[in-house]
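Below is one structure; the comments refer to it alone.
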Amino acid sequence: MHDLYYKGRIHTRVNHIKTGYNTKRTVKLGTEKKPLTLVVCNDERKLEVETQVAANGLYADITVDSSIDEDITELNAILNKPTTTTFDKTPNRNDPCSCGSGNKYKKCCG
């Protein structure tokens, strides 16, 4: 396919491929190349966070600064990933009812 459309318009697909959201990135947050950046208030808390990071096989740069509020949101986001919710399938009209009455669903609980 050539680079120009009818009447000299520039091909837009090339621009779309060169820019946009990169879904196939190789460097993930919490690895050696891109460690987590965490800020804690004291040394005791730093030891607690270091044990959490080590237990989960992550890498982090932990800074102790008592003048700033504690910021471990990156760690919490990785540890508490949301799970997909699944729902039980509702029975069809002519299926037996799930309550155990022996009737059809449409005659009993439907």
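Each chain of the structure tokens is named A, B, ... in the order shown, its residues numbered from 1; ligands are numbered from 1 in display order.
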For stretch 60-66 of chain A, find every residue with an atom within 6 Å (counting only C-alpha atoms), except residues of its own chain fewer than 3 positions away, and show them as a ChimeraX atom specification.
/A:35-42
Keeping only all heavy atoms, take the residues you just selected and write them out as a PDB file, in the first residue's frame.
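The new file selection_7.pdb reads:
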ATOM      1  N   PRO A  35      12.731  -0.683  40.139  1.00  0.00           N
ATOM      2  CA  PRO A  35      12.297  -1.021  41.502  1.00  0.00           C
ATOM      3  C   PRO A  35      11.198  -0.090  42.003  1.00  0.00           C
ATOM      4  O   PRO A  35      10.989   1.008  41.471  1.00  0.00           O
ATOM      5  CB  PRO A  35      13.572  -0.856  42.324  1.00  0.00           C
ATOM      6  CG  PRO A  35      14.392   0.101  41.555  1.00  0.00           C
ATOM      7  CD  PRO A  35      14.056  -0.115  40.106  1.00  0.00           C
ATOM      8  N   LEU A  36      10.498  -0.539  43.023  1.00  0.00           N
ATOM      9  CA  LEU A  36       9.482   0.284  43.663  1.00  0.00           C
ATOM     10  C   LEU A  36      10.151   1.428  44.417  1.00  0.00           C
ATOM     11  O   LEU A  36      11.228   1.256  44.974  1.00  0.00           O
ATOM     12  CB  LEU A  36       8.677  -0.558  44.660  1.00  0.00           C
ATOM     13  CG  LEU A  36       7.938  -1.768  44.123  1.00  0.00           C
ATOM     14  CD1 LEU A  36       7.440  -2.604  45.288  1.00  0.00           C
ATOM     15  CD2 LEU A  36       6.792  -1.346  43.267  1.00  0.00           C
ATOM     16  N   THR A  37       9.524   2.589  44.452  1.00  0.00           N
ATOM     17  CA  THR A  37      10.036   3.715  45.233  1.00  0.00           C
ATOM     18  C   THR A  37       9.092   3.919  46.417  1.00  0.00           C
ATOM     19  O   THR A  37       7.954   4.324  46.246  1.00  0.00           O
ATOM     20  CB  THR A  37      10.112   4.999  44.395  1.00  0.00           C
ATOM     21  OG1 THR A  37       8.850   5.232  43.787  1.00  0.00           O
ATOM     22  CG2 THR A  37      11.163   4.872  43.323  1.00  0.00           C
ATOM     23  N   LEU A  38       9.582   3.607  47.601  1.00  0.00           N
ATOM     24  CA  LEU A  38       8.774   3.663  48.805  1.00  0.00           C
ATOM     25  C   LEU A  38       9.385   4.632  49.806  1.00  0.00           C
ATOM     26  O   LEU A  38      10.605   4.748  49.905  1.00  0.00           O
ATOM     27  CB  LEU A  38       8.677   2.273  49.440  1.00  0.00           C
ATOM     28  CG  LEU A  38       8.227   1.134  48.526  1.00  0.00           C
ATOM     29  CD1 LEU A  38       8.338  -0.189  49.259  1.00  0.00           C
ATOM     30  CD2 LEU A  38       6.830   1.356  48.029  1.00  0.00           C
ATOM     31  N   VAL A  39       8.533   5.324  50.553  1.00  0.00           N
ATOM     32  CA  VAL A  39       8.977   6.254  51.594  1.00  0.00           C
ATOM     33  C   VAL A  39       8.313   5.839  52.897  1.00  0.00           C
ATOM     34  O   VAL A  39       7.091   5.670  52.957  1.00  0.00           O
ATOM     35  CB  VAL A  39       8.580   7.709  51.245  1.00  0.00           C
ATOM     36  CG1 VAL A  39       9.001   8.651  52.355  1.00  0.00           C
ATOM     37  CG2 VAL A  39       9.185   8.123  49.931  1.00  0.00           C
ATOM     38  N   VAL A  40       9.124   5.641  53.953  1.00  0.00           N
ATOM     39  CA  VAL A  40       8.604   5.275  55.269  1.00  0.00           C
ATOM     40  C   VAL A  40       9.071   6.287  56.303  1.00  0.00           C
ATOM     41  O   VAL A  40       9.974   7.084  56.043  1.00  0.00           O
ATOM     42  CB  VAL A  40       9.040   3.849  55.668  1.00  0.00           C
ATOM     43  CG1 VAL A  40       8.391   2.818  54.774  1.00  0.00           C
ATOM     44  CG2 VAL A  40      10.524   3.693  55.651  1.00  0.00           C
ATOM     45  N   CYS A  41       8.451   6.241  57.490  1.00  0.00           N
ATOM     46  CA  CYS A  41       8.726   7.251  58.513  1.00  0.00           C
ATOM     47  C   CYS A  41       9.906   6.920  59.414  1.00  0.00           C
ATOM     48  O   CYS A  41      10.613   7.815  59.854  1.00  0.00           O
ATOM     49  CB  CYS A  41       7.477   7.455  59.376  1.00  0.00           C
ATOM     50  SG  CYS A  41       6.088   8.098  58.450  1.00  0.00           S
ATOM     51  N   ASN A  42      10.119   5.636  59.742  1.00  0.00           N
ATOM     52  CA  ASN A  42      11.200   5.290  60.672  1.00  0.00           C
ATOM     53  C   ASN A  42      11.880   3.988  60.247  1.00  0.00           C
ATOM     54  O   ASN A  42      11.436   3.304  59.319  1.00  0.00           O
ATOM     55  CB  ASN A  42      10.672   5.197  62.111  1.00  0.00           C
ATOM     56  CG  ASN A  42       9.504   4.246  62.225  1.00  0.00           C
ATOM     57  OD1 ASN A  42       9.333   3.349  61.425  1.00  0.00           O
ATOM     58  ND2 ASN A  42       8.687   4.458  63.257  1.00  0.00           N
TER      59      ASN A  42
END
Could you tell me how far atom CA of A:Thr84 sits from atom CA of A:Ile72, in Å to one decimal place?
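If I compute the distance from atom CA of A:Ile72 to atom CA of A:Thr84, I get 24.1 Å.
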Here atom CA of A:Cys108 and atom CA of A:Thr90 stand apart by 13.6 Å
Using DSSP on the backbone coordinates, identify all residues within stretch 10-99 of chain A classified as helix (DSSP H, G or I); present the result as a list of chain:residue names.
A:Thr12, A:Arg13, A:Val14, A:Asn15, A:His16, A:Ile17, A:Lys18, A:Asp43, A:Glu44, A:Arg45, A:Lys46, A:Leu47, A:Glu48, A:Val49, A:Glu50, A:Thr51, A:Gln52, A:Val53, A:Ala54, A:Ala55, A:Thr73, A:Glu74, A:Leu75, A:Asn76, A:Ala77, A:Ile78, A:Leu79
Limited to N, CA and C atoms, could you put the picked residues into a file as an mmCIF file, in the first residue's frame?
data_model
loop_
_atom_site.group_PDB
_atom_site.id
_atom_site.type_symbol
_atom_site.label_atom_id
_atom_site.label_comp_id
_atom_site.auth_asym_id
_atom_site.auth_seq_id
_atom_site.Cartn_x
_atom_site.Cartn_y
_atom_site.Cartn_z
ATOM 1 N N THR A 12 -2.816 7.288 7.663
ATOM 2 C CA THR A 12 -2.978 7.475 9.105
ATOM 3 C C THR A 12 -2.577 6.250 9.911
ATOM 4 N N ARG A 13 -2.571 5.079 9.320
ATOM 5 C CA ARG A 13 -2.255 3.865 10.065
ATOM 6 C C ARG A 13 -0.816 3.887 10.577
ATOM 7 N N VAL A 14 0.090 4.473 9.817
ATOM 8 C CA VAL A 14 1.488 4.551 10.239
ATOM 9 C C VAL A 14 1.599 5.370 11.523
ATOM 10 N N ASN A 15 0.871 6.476 11.592
ATOM 11 C CA ASN A 15 0.903 7.294 12.803
ATOM 12 C C ASN A 15 0.316 6.548 13.985
ATOM 13 N N HIS A 16 -0.713 5.746 13.755
ATOM 14 C CA HIS A 16 -1.335 4.987 14.834
ATOM 15 C C HIS A 16 -0.379 3.925 15.378
ATOM 16 N N ILE A 17 0.404 3.303 14.530
ATOM 17 C CA ILE A 17 1.318 2.258 14.967
ATOM 18 C C ILE A 17 2.489 2.848 15.751
ATOM 19 N N LYS A 18 2.963 4.007 15.359
ATOM 20 C CA LYS A 18 4.132 4.606 16.011
ATOM 21 C C LYS A 18 3.817 5.160 17.385
ATOM 22 N N ASP A 43 12.967 3.652 60.951
ATOM 23 C CA ASP A 43 13.763 2.474 60.603
ATOM 24 C C ASP A 43 13.034 1.163 60.894
ATOM 25 N N GLU A 44 12.211 1.142 61.948
ATOM 26 C CA GLU A 44 11.463 -0.076 62.262
ATOM 27 C C GLU A 44 10.481 -0.414 61.142
ATOM 28 N N ARG A 45 9.809 0.599 60.647
ATOM 29 C CA ARG A 45 8.860 0.402 59.543
ATOM 30 C C ARG A 45 9.590 -0.015 58.271
ATOM 31 N N LYS A 46 10.811 0.498 58.096
ATOM 32 C CA LYS A 46 11.606 0.128 56.932
ATOM 33 C C LYS A 46 11.904 -1.370 56.954
ATOM 34 N N LEU A 47 12.240 -1.922 58.128
ATOM 35 C CA LEU A 47 12.503 -3.350 58.245
ATOM 36 C C LEU A 47 11.253 -4.175 57.933
ATOM 37 N N GLU A 48 10.080 -3.719 58.385
ATOM 38 C CA GLU A 48 8.831 -4.416 58.097
ATOM 39 C C GLU A 48 8.551 -4.448 56.596
ATOM 40 N N VAL A 49 8.733 -3.302 55.951
ATOM 41 C CA VAL A 49 8.466 -3.209 54.509
ATOM 42 C C VAL A 49 9.488 -4.031 53.731
ATOM 43 N N GLU A 50 10.748 -4.023 54.177
ATOM 44 C CA GLU A 50 11.778 -4.831 53.495
ATOM 45 C C GLU A 50 11.440 -6.314 53.553
ATOM 46 N N THR A 51 10.918 -6.783 54.683
ATOM 47 C CA THR A 51 10.549 -8.195 54.771
ATOM 48 C C THR A 51 9.374 -8.524 53.858
ATOM 49 N N GLN A 52 8.408 -7.599 53.735
ATOM 50 C CA GLN A 52 7.291 -7.799 52.808
ATOM 51 C C GLN A 52 7.777 -7.869 51.371
ATOM 52 N N VAL A 53 8.684 -6.974 51.015
ATOM 53 C CA VAL A 53 9.211 -6.922 49.654
ATOM 54 C C VAL A 53 9.992 -8.188 49.340
ATOM 55 N N ALA A 54 10.827 -8.623 50.275
ATOM 56 C CA ALA A 54 11.640 -9.822 50.061
ATOM 57 C C ALA A 54 10.771 -11.084 50.000
ATOM 58 N N ALA A 55 9.723 -11.145 50.803
ATOM 59 C CA ALA A 55 8.850 -12.318 50.813
ATOM 60 C C ALA A 55 8.116 -12.481 49.482
ATOM 61 N N THR A 73 2.145 3.123 48.371
ATOM 62 C CA THR A 73 1.015 2.808 47.495
ATOM 63 C C THR A 73 1.418 1.857 46.370
ATOM 64 N N GLU A 74 2.646 1.976 45.851
ATOM 65 C CA GLU A 74 3.084 1.080 44.778
ATOM 66 C C GLU A 74 3.128 -0.366 45.266
ATOM 67 N N LEU A 75 3.610 -0.560 46.490
ATOM 68 C CA LEU A 75 3.669 -1.907 47.060
ATOM 69 C C LEU A 75 2.263 -2.456 47.283
ATOM 70 N N ASN A 76 1.364 -1.632 47.815
ATOM 71 C CA ASN A 76 -0.009 -2.074 48.048
ATOM 72 C C ASN A 76 -0.717 -2.416 46.742
ATOM 73 N N ALA A 77 -0.437 -1.674 45.685
ATOM 74 C CA ALA A 77 -1.077 -1.935 44.394
ATOM 75 C C ALA A 77 -0.632 -3.278 43.826
ATOM 76 N N ILE A 78 0.636 -3.635 44.002
ATOM 77 C CA ILE A 78 1.125 -4.911 43.476
ATOM 78 C C ILE A 78 0.631 -6.083 44.324
ATOM 79 N N LEU A 79 0.612 -5.907 45.653
ATOM 80 C CA LEU A 79 0.209 -7.001 46.529
ATOM 81 C C LEU A 79 -1.300 -7.243 46.519
#
To one decimal place in Å, what is the distance between atom CA of A:Val27 and atom CA of A:Gly57?
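About the pair atom CA of A:Val27 and atom CA of A:Gly57: they are 15.3 Å apart.
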